[in-house]
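Asks: The structure file entry.cif (mmCIF, C-alpha atoms) is provided below.
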```cif
data_model
#
loop_
_atom_site.label_atom_id
_atom_site.label_comp_id
_atom_site.auth_asym_id
_atom_site.auth_seq_id
_atom_site.Cartn_x
_atom_site.Cartn_y
_atom_site.Cartn_z
CA MET R 291 42.76 -28.82 -25.35
CA SER R 292 42.16 -27.37 -21.92
CA ARG R 293 38.88 -28.69 -20.54
CA ILE R 294 38.08 -25.33 -18.97
CA GLY R 295 39.61 -23.13 -21.67
CA LYS R 296 37.70 -24.62 -24.59
CA LEU R 297 34.28 -24.03 -23.02
CA PRO R 298 32.48 -20.92 -24.25
CA VAL R 299 31.49 -18.26 -21.71
CA ASN R 300 27.75 -17.72 -22.23
CA LEU R 301 26.59 -14.14 -21.78
CA PRO R 302 23.29 -13.54 -19.95
CA ALA R 303 20.90 -10.84 -21.12
CA GLY R 304 22.19 -7.33 -20.44
CA VAL R 305 25.89 -8.28 -20.34
CA THR R 306 28.28 -7.05 -23.04
CA VAL R 307 31.94 -7.92 -23.55
CA THR R 308 34.40 -5.75 -25.46
CA VAL R 309 38.02 -6.56 -26.28
CA SER R 310 40.34 -3.61 -26.88
CA PRO R 311 43.31 -3.81 -29.31
CA ASP R 312 45.77 -4.02 -26.38
CA ASN R 313 43.98 -7.19 -25.12
CA VAL R 314 41.98 -5.67 -22.27
CA VAL R 315 38.63 -7.44 -21.78
CA SER R 316 35.85 -5.24 -20.39
CA VAL R 317 32.61 -6.77 -19.14
CA LYS R 318 29.63 -4.48 -18.57
CA GLY R 319 26.42 -5.61 -16.92
CA PRO R 320 23.52 -4.44 -14.78
CA LEU R 321 25.62 -4.42 -11.57
CA GLY R 322 28.71 -2.63 -12.93
CA THR R 323 31.79 -2.90 -15.11
CA LEU R 324 34.95 -5.00 -14.70
CA SER R 325 38.08 -5.20 -16.85
CA GLN R 326 41.02 -7.60 -17.06
CA LYS R 327 44.29 -7.44 -19.00
CA VAL R 328 44.83 -10.65 -20.95
CA ASP R 329 48.24 -12.02 -21.99
CA SER R 330 49.16 -11.03 -25.55
CA ASP R 331 49.45 -14.68 -26.68
CA ILE R 332 45.87 -15.54 -25.71
CA LYS R 333 43.12 -14.46 -28.12
CA VAL R 334 39.62 -13.57 -26.95
CA HIS R 335 36.78 -13.72 -29.50
CA THR R 336 33.25 -12.48 -28.97
CA GLY R 337 30.43 -14.26 -30.83
CA LYS R 338 28.47 -12.21 -33.35
CA GLU R 339 25.23 -14.21 -33.60
CA VAL R 340 25.49 -16.21 -30.37
CA PRO R 341 26.15 -14.21 -27.16
CA ALA R 342 29.30 -16.03 -26.01
CA VAL R 343 33.01 -15.46 -25.53
CA LEU R 344 35.66 -17.91 -26.76
CA VAL R 345 39.29 -18.01 -25.60
CA SER R 346 41.97 -19.60 -27.80
CA ARG R 347 45.71 -20.26 -27.52
CA PRO R 348 48.37 -20.31 -30.25
CA THR R 349 50.34 -23.44 -29.29
CA ASN R 350 50.26 -26.41 -26.96
CA GLN R 351 53.14 -25.21 -24.76
CA PRO R 352 52.52 -25.73 -21.02
CA ARG R 353 52.55 -21.95 -20.46
CA HIS R 354 49.87 -21.35 -23.11
CA ARG R 355 47.78 -24.26 -21.84
CA SER R 356 47.75 -22.91 -18.27
CA LEU R 357 46.97 -19.34 -19.39
CA HIS R 358 44.16 -20.62 -21.62
CA GLY R 359 42.13 -22.01 -18.73
CA LEU R 360 43.09 -19.16 -16.39
CA TYR R 361 41.80 -16.34 -18.59
CA ARG R 362 38.65 -18.23 -19.52
CA ALA R 363 37.89 -18.67 -15.79
CA LEU R 364 38.66 -15.00 -15.04
CA ILE R 365 36.32 -13.83 -17.83
CA ASN R 366 33.60 -16.19 -16.59
CA ASN R 367 34.00 -14.80 -13.03
CA MET R 368 33.63 -11.26 -14.39
CA VAL R 369 30.46 -12.19 -16.32
CA VAL R 370 28.90 -13.81 -13.24
CA GLY R 371 29.96 -10.85 -11.10
CA VAL R 372 28.36 -8.14 -13.24
CA SER R 373 25.17 -10.17 -13.75
CA LYS R 374 24.53 -11.80 -10.33
CA GLY R 375 27.27 -10.59 -7.99
CA TYR R 376 29.07 -12.51 -5.24
CA GLU R 377 28.19 -12.90 -1.58
CA ILE R 378 30.23 -14.35 1.30
CA LYS R 379 28.84 -14.87 4.81
CA GLN R 380 31.10 -15.19 7.85
CA GLU R 381 30.07 -16.12 11.39
CA LEU R 382 31.76 -14.78 14.54
CA VAL R 383 31.71 -17.63 17.09
CA GLY R 384 32.61 -16.69 20.65
CA VAL R 385 31.26 -15.15 23.83
CA GLY R 386 30.95 -11.38 23.46
CA PHE R 387 31.95 -11.33 19.78
CA LYS R 388 30.23 -8.43 18.01
CA ALA R 389 30.30 -6.85 14.56
CA GLU R 390 29.01 -3.50 13.33
CA VAL R 391 29.32 -1.69 10.00
CA LYS R 392 29.74 2.09 10.01
CA GLY R 393 30.01 3.39 6.45
CA ASN R 394 32.88 1.45 4.89
CA ILE R 395 34.48 0.52 8.25
CA LEU R 396 33.80 -2.86 9.84
CA GLU R 397 34.11 -2.69 13.65
CA MET R 398 34.51 -6.02 15.43
CA SER R 399 34.92 -7.07 19.04
CA LEU R 400 36.81 -10.39 18.90
CA GLY R 401 37.74 -11.10 22.49
CA TYR R 402 40.89 -8.98 22.50
CA SER R 403 41.42 -6.07 24.90
CA HIS R 404 40.64 -3.69 22.02
CA ASP R 405 38.16 -3.50 19.16
CA THR R 406 39.33 -4.32 15.65
CA TYR R 407 38.57 -1.94 12.77
CA LEU R 408 38.82 -2.93 9.11
CA MET R 409 38.41 -0.42 6.30
CA LEU R 410 36.57 -2.02 3.39
CA PRO R 411 37.30 -1.18 -0.25
CA PRO R 412 34.57 0.89 -1.95
CA GLU R 413 33.68 -2.05 -4.25
CA VAL R 414 32.71 -4.24 -1.27
CA THR R 415 29.58 -3.64 0.81
CA ALA R 416 29.12 -5.26 4.19
CA THR R 417 26.23 -5.81 6.58
CA ALA R 418 26.36 -7.20 10.10
CA VAL R 419 23.37 -8.99 11.64
CA THR R 420 23.09 -10.37 15.17
CA GLU R 421 20.11 -12.63 15.81
CA LYS R 422 18.88 -13.03 19.36
CA LYS R 423 20.78 -15.92 21.00
CA GLY R 424 22.83 -16.36 17.83
CA ASN R 425 26.27 -15.53 16.55
CA PRO R 426 26.88 -12.31 14.60
CA ILE R 427 26.98 -12.84 10.83
CA VAL R 428 28.93 -10.51 8.52
CA THR R 429 27.73 -10.55 4.89
CA LEU R 430 30.05 -9.24 2.16
CA LYS R 431 28.76 -8.40 -1.34
CA SER R 432 30.71 -7.39 -4.44
CA ILE R 433 30.92 -7.90 -8.20
CA ASP R 434 34.67 -8.71 -8.04
CA LYS R 435 35.24 -12.33 -6.93
CA GLN R 436 38.96 -11.90 -6.30
CA LEU R 437 38.55 -8.76 -4.18
CA ILE R 438 35.71 -10.16 -2.05
CA GLY R 439 37.76 -13.31 -1.43
CA GLN R 440 40.75 -11.25 -0.27
CA VAL R 441 38.60 -9.19 2.10
CA ALA R 442 36.97 -12.34 3.53
CA ALA R 443 40.39 -13.94 4.05
CA LYS R 444 41.63 -10.79 5.82
CA ILE R 445 38.60 -10.78 8.15
CA ARG R 446 39.10 -14.48 8.91
CA SER R 447 42.82 -13.95 9.64
CA LEU R 448 41.93 -11.53 12.47
CA ARG R 449 40.74 -14.49 14.59
CA LYS R 450 41.02 -17.93 12.97
CA PRO R 451 38.78 -20.65 14.44
CA GLU R 452 40.59 -22.75 17.01
CA PRO R 453 40.11 -26.55 16.98
CA TYR R 454 39.06 -27.12 20.62
CA LYS R 455 36.01 -24.91 21.16
CA GLY R 456 35.59 -23.59 17.61
CA LYS R 457 35.89 -19.94 18.65
CA GLY R 458 36.85 -17.48 15.92
CA ILE R 459 35.66 -16.26 12.54
CA LYS R 460 34.46 -18.96 10.15
CA PHE R 461 32.54 -19.10 6.90
CA VAL R 462 28.85 -19.97 7.21
CA GLY R 463 28.51 -23.67 6.42
CA GLU R 464 32.21 -24.39 6.96
CA VAL R 465 32.96 -27.63 8.80
CA LEU R 466 35.82 -27.29 11.26
CA ARG R 467 38.05 -30.16 12.30
CA ARG R 468 37.63 -30.42 16.06
CA LYS R 469 40.05 -31.98 18.53
CA ALA R 470 39.40 -33.65 21.84
CA GLY R 471 40.60 -31.79 24.93
CA LYS R 472 42.89 -32.97 27.73
CA SER R 473 40.14 -34.88 29.54
CA ALA R 474 39.53 -37.20 26.60
CA GLY R 475 43.02 -38.75 26.77
CA ALA R 476 43.32 -39.17 30.56
CA LYS R 477 41.10 -42.08 31.61
#
```
Can the structure from this file be put into structure tokens for me?
Replies:
Amino acid sequence: MSRIGKLPVNLPAGVTVTVSPDNVVSVKGPLGTLSQKVDSDIKVHTGKEVPAVLVSRPTNQPRHRSLHGLYRALINNMVVGVSKGYEIKQELVGVGFKAEVKGNILEMSLGYSHDTYLMLPPEVTATAVTEKKGNPIVTLKSIDKQLIGQVAAKIRSLRKPEPYKGKGIKFVGEVLRRKAGKSAGAK
């Protein structure tokens, strides 16, 4: 059995899961609703007396084993998303780096000769905070883990942190591998 796939997905209070006949799993909670199409071979069962979701596979083929754990993890991410939500914080490290949110457009000054604008999907909300004598921090919030991860990766790709001074966009708490400069080798 798949170690991940055989675990039940416990449902917190206020979260309901419905499975349609064409194998579409819909999760509804206090923060919103998410749905995911599940492969026709994988069966999703909702518990009647215990609020939990079980995922099962028909055979032990490698394809079924990999899909078993995948869909269980996707359903768990949806349950966590509609009950608690997801949040990613990114820090803009560099002299003169700025970030500002106007509606659903994130405006950033990243050391280029022009400002960078990024249009955010409606499911993702962003806030930008600049503390005095601190780096700007962009906070992304959403109920969809996959979508918020894609948006965060896109923001990071606009100016990846470089290894010498650490300038760029990094996740809060991320440890960067730093290199020594030219002066360290010439002695």
Asks: Mind listing as a ChimeraX atom specification all residues within 8 Å of (33.5, -6.4, 14.5), counting all atoms listed in the file?
Replies: /R:387-391,396-400,405-407
Asks: Of the residues R:Tyr454, R:Leu321, R:Asn367, R:Pro348, which is the one nearest to Gly471 in chain R, using only C-alpha atoms?
Replies: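 Once distances to Gly471 in chain R are computed over only C-alpha atoms, the minimum belongs to R:Tyr454.
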Asks: So which residues touch Tyr361 in chain R within 8 Å, counting only C-alpha atoms, skipping near sequence neighbours fewer than 5 positions away, as a list in words?
Replies: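 Residues meeting the cut-off are Gly295, Val328 and Val345 of chain R.
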Asks: When you look at Val309 in chain R with a cut-off of 8 Å (counting all atoms listed in the file), what residues show up, excluding the ones that are within fewer than 6 positions of it in the same chain? I need them as a list in words.
Replies: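 So the residues in contact are Val315, Ser316, Val334 and His335 of chain R.
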Asks: Hey, what comes out of the PyMOL selection byres ((chain R and resi 423) around 12) on this file? Could you write it as a PyMOL selection string?
Replies: chain R and resi 383-386+419-422+424-426
Asks: Nearest residue to Ser346 in chain R out of R:Ile294, R:Ile427, R:Val372, R:Leu437, using only C-alpha atoms?
Replies: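 Nearest candidate to Ser346 in chain R out of R:Ile294, R:Ile427, R:Val372, R:Leu437: R:Ile294.
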Asks: Which neighbours of Thr429 in chain R fall inside 8 Å, counting only C-alpha atoms, when residues of the same chain fewer than 5 positions from it are skipped, and could you give them as a list in words?
Replies: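 In the requested form, the answer reads Glu377, Ile378, Lys379, Gln380, Ala416, Thr417 and Ala418 of chain R.
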Asks: For CA of Phe461 in chain R and CA of Val428 in chain R, quote the distance in Å rounded to one decimal.
Replies: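 Interatomic distance here is 9.5 Å.
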Asks: Once you count only C-alpha atoms, which residues end up no further than 10 Å from (26.2, -2.8, -18.7) in the file's frame, shown as a ChimeraX atom specification?
Replies: /R:303-307,317-324,372-373
Asks: Mind pulling up the distance from CA of Pro451 in chain R to CA of Gly375 in chain R?
Replies: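 Atom-to-atom, CA of Gly375 in chain R and CA of Pro451 in chain R are spaced 27.1 Å apart.
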Asks: Out of R:Lys457, R:Lys435, R:Arg293, R:Lys472, which residue has the shortest atom-to-atom distance to Asn366 in chain R when counting only C-alpha atoms?
Replies: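 Looking only at the distances to Asn366 in chain R, the closest residue turns out to be R:Lys435.
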Asks: Of the candidates R:Val369, R:Leu448, R:Val314, R:Ile459, which one gets nearest to Asn300 in chain R if we count all atoms listed in the file?
Replies: R:Val369
Asks: Which residue gives the smallest distance to Ala442 in chain R among R:Leu344, R:Ala470, R:Leu410, R:Ile365, with only C-alpha atoms counted?
Replies: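 Of R:Leu344, R:Ala470, R:Leu410, R:Ile365, the one nearest Ala442 in chain R, counting only C-alpha atoms, is R:Leu410.
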Asks: Provide an axis-aligned box for all listed atoms of range 469-472 of chain R, padding each side by 6 Å; report its centre and its edge lengths in Å to one decimal, as JSON.
Replies:
```
{"center_x": 41.1, "center_y": -32.7, "center_z": 23.1, "size_x": 15.5, "size_y": 13.9, "size_z": 21.2}
```
Asks: When you count only C-alpha atoms, which of these residues is closest to Asp312 in chain R: R:Val343, R:Leu297, R:Lys333, R:His358?
Replies: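 Nearest to Asp312 in chain R: R:Lys333.
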Asks: Write out N, CA, C and O atoms for range 390-411 of chain R, as a JSON list (two decimals), in the coordinates of the input.
Replies:
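Result file is selection24.json:
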```json
[["chain", "number", "residue", "atom", "x", "y", "z"],
["R", 390, "GLU", "N", 29.84, -4.64, 13.69],
["R", 390, "GLU", "CA", 29.01, -3.50, 13.33],
["R", 390, "GLU", "C", 29.65, -2.81, 12.14],
["R", 390, "GLU", "O", 30.88, -2.67, 12.08],
["R", 391, "VAL", "N", 28.82, -2.38, 11.19],
["R", 391, "VAL", "CA", 29.32, -1.69, 10.00],
["R", 391, "VAL", "C", 28.94, -0.22, 10.11],
["R", 391, "VAL", "O", 27.77, 0.11, 10.29],
["R", 392, "LYS", "N", 29.95, 0.65, 10.00],
["R", 392, "LYS", "CA", 29.74, 2.09, 10.01],
["R", 392, "LYS", "C", 30.35, 2.65, 8.75],
["R", 392, "LYS", "O", 31.57, 2.82, 8.67],
["R", 393, "GLY", "N", 29.50, 2.93, 7.74],
["R", 393, "GLY", "CA", 30.01, 3.39, 6.45],
["R", 393, "GLY", "C", 30.77, 2.28, 5.76],
["R", 393, "GLY", "O", 30.22, 1.22, 5.47],
["R", 394, "ASN", "N", 32.06, 2.51, 5.50],
["R", 394, "ASN", "CA", 32.88, 1.45, 4.89],
["R", 394, "ASN", "C", 33.89, 0.90, 5.91],
["R", 394, "ASN", "O", 34.91, 0.34, 5.53],
["R", 395, "ILE", "N", 33.60, 1.06, 7.20],
["R", 395, "ILE", "CA", 34.48, 0.52, 8.25],
["R", 395, "ILE", "C", 33.73, -0.57, 9.00],
["R", 395, "ILE", "O", 32.61, -0.37, 9.46],
["R", 396, "LEU", "N", 34.36, -1.73, 9.11],
["R", 396, "LEU", "CA", 33.80, -2.86, 9.84],
["R", 396, "LEU", "C", 34.45, -2.88, 11.23],
["R", 396, "LEU", "O", 35.67, -3.01, 11.35],
["R", 397, "GLU", "N", 33.62, -2.71, 12.27],
["R", 397, "GLU", "CA", 34.11, -2.69, 13.65],
["R", 397, "GLU", "C", 33.74, -4.01, 14.31],
["R", 397, "GLU", "O", 32.57, -4.40, 14.32],
["R", 398, "MET", "N", 34.75, -4.71, 14.83],
["R", 398, "MET", "CA", 34.51, -6.02, 15.43],
["R", 398, "MET", "C", 35.11, -6.09, 16.82],
["R", 398, "MET", "O", 36.19, -5.57, 17.06],
["R", 399, "SER", "N", 34.41, -6.77, 17.71],
["R", 399, "SER", "CA", 34.92, -7.07, 19.04],
["R", 399, "SER", "C", 35.16, -8.58, 19.04],
["R", 399, "SER", "O", 34.22, -9.37, 18.98],
["R", 400, "LEU", "N", 36.44, -8.98, 19.10],
["R", 400, "LEU", "CA", 36.81, -10.39, 18.90],
["R", 400, "LEU", "C", 37.47, -11.03, 20.11],
["R", 400, "LEU", "O", 38.24, -11.97, 19.99],
["R", 401, "GLY", "N", 37.19, -10.50, 21.30],
["R", 401, "GLY", "CA", 37.74, -11.10, 22.49],
["R", 401, "GLY", "C", 39.10, -10.56, 22.88],
["R", 401, "GLY", "O", 39.69, -11.02, 23.85],
["R", 402, "TYR", "N", 39.64, -9.62, 22.13],
["R", 402, "TYR", "CA", 40.89, -8.98, 22.50],
["R", 402, "TYR", "C", 40.59, -7.83, 23.45],
["R", 402, "TYR", "O", 39.44, -7.48, 23.68],
["R", 403, "SER", "N", 41.62, -7.19, 23.98],
["R", 403, "SER", "CA", 41.42, -6.07, 24.90],
["R", 403, "SER", "C", 41.00, -4.80, 24.15],
["R", 403, "SER", "O", 40.72, -3.79, 24.77],
["R", 404, "HIS", "N", 40.98, -4.85, 22.84],
["R", 404, "HIS", "CA", 40.64, -3.69, 22.02],
["R", 404, "HIS", "C", 39.72, -4.13, 20.89],
["R", 404, "HIS", "O", 39.67, -5.32, 20.54],
["R", 405, "ASP", "N", 38.99, -3.21, 20.33],
["R", 405, "ASP", "CA", 38.16, -3.50, 19.16],
["R", 405, "ASP", "C", 39.04, -3.50, 17.92],
["R", 405, "ASP", "O", 40.08, -2.84, 17.87],
["R", 406, "THR", "N", 38.61, -4.23, 16.90],
["R", 406, "THR", "CA", 39.33, -4.32, 15.65],
["R", 406, "THR", "C", 38.54, -3.59, 14.58],
["R", 406, "THR", "O", 37.34, -3.82, 14.43],
["R", 407, "TYR", "N", 39.21, -2.71, 13.83],
["R", 407, "TYR", "CA", 38.57, -1.94, 12.77],
["R", 407, "TYR", "C", 39.19, -2.36, 11.45],
["R", 407, "TYR", "O", 40.41, -2.48, 11.33],
["R", 408, "LEU", "N", 38.34, -2.57, 10.44],
["R", 408, "LEU", "CA", 38.82, -2.93, 9.11],
["R", 408, "LEU", "C", 38.14, -2.02, 8.10],
["R", 408, "LEU", "O", 36.91, -1.98, 8.03],
["R", 409, "MET", "N", 38.95, -1.29, 7.32],
["R", 409, "MET", "CA", 38.41, -0.42, 6.30],
["R", 409, "MET", "C", 38.18, -1.24, 5.03],
["R", 409, "MET", "O", 39.10, -1.87, 4.51],
["R", 410, "LEU", "N", 36.94, -1.23, 4.55],
["R", 410, "LEU", "CA", 36.57, -2.02, 3.39],
["R", 410, "LEU", "C", 36.80, -1.23, 2.12],
["R", 410, "LEU", "O", 36.61, -0.01, 2.10],
["R", 411, "PRO", "N", 37.19, -1.88, 1.02],
["R", 411, "PRO", "CA", 37.30, -1.18, -0.25],
["R", 411, "PRO", "C", 35.92, -0.69, -0.71],
["R", 411, "PRO", "O", 34.90, -1.27, -0.33]]
```
